[in-house]
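Here the structure comes first, spelled out in structure tokens, and everything after it is commentary.
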Amino acid sequence: MCGKLQGHPSVCRLNPEEKTCINDMSLNLVQPKNILSTLKRNEPDNISNIRQVYNIWYHNNKAVRGDRSEMQQLLRMLDDNKYVSHYRACDDGVTVRDISWTHPDSIKLFNTFSTVLLLDYTYKTNKYRLSLFEMVGVTSTEKTYAVGFAFLEC
């Protein structure tokens, strides 16, 4: 038999302390690859892989989201954080065609510094196959700020 059972499901399991560490780090927006390297640094004999970290990360996000879909969670978070948002649904009333959002402070900055505006359009790079449209403004001191974002069907 092989001395090390690398990749075997029962050996790669994370113990409760490691799961708690992953929960805490994911709440602080640490990337999964950095979480895994921290786990391996703390315990050199750990043979867990990135898949286990992603599974714990997914289950934590799902627990926070509840029974809402990702789009419903986005709309709720925008509303909870007082963003100005607008969306259009398809004829079925379920599928989102377009969604745009901006922060009220960004609107104030745009009203003050509306001379220079940069528009960036990234073509269908997300899992919903919606294009990302980003609007960026520039202040008089040459600092940039995000005016708003939108996922557009076309």
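Chain labels run A, B, ... following the order of the structure tokens; each chain numbers its residues from 1, and ligands are numbered from 1 in the order shown.
If you count only C-alpha atoms and ignore residues fewer than 3 places along the chain from A:His103, what sits within 9 Å of it is Asn81, Lys82, Tyr83, Val84, Ser85, Ser106, Ile107, Ala146, Val147 and Gly148 of chain A.
Distance-wise, atom CA of A:Thr102 and atom CA of A:Ala89 end up 18.8 Å apart.
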Task: helix (DSSP H, G or I) per DSSP on the backbone: members of stretch 35-138 of chain A, as a count of residues only - done: 44
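The residue that comes closest to A:Asn61, out of A:Glu142, A:Thr95, A:Asp79, A:Asn23 and on the basis of only C-alpha atoms, is A:Asn23.
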Open item on the list: Report as a PyMOL selection string all protein, DNA and RNA residues lying within 7 Å of stretch 44-59 of chain A, evaluated on only C-alpha atoms, omitting residues in the same chain fewer than 3 positions from it.
Closed with: chain A and resi 6+12-13+26+32-33+36+40-41+62-63
- [ ] Write down as a list in words the residues belonging to stretch 13-106 of chain A that are assigned strand (DSSP E or B) by DSSP computed on the backbone.
- [x] Val84, Ser85, His86, Tyr87, Arg88, Ala89, Val96, Arg97, Asp98, Ile99, Ser100, Trp101 and Thr102 of chain A
Task: Atom-to-atom span, atom CA of A:Glu134 and atom CA of A:Ser69, Å - done: 23.6 Å
Task: Nearest-residue call for A:Phe151, choices A:Arg65, A:Lys127, A:Arg97, A:Lys19, using only C-alpha atoms - done: A:Arg97
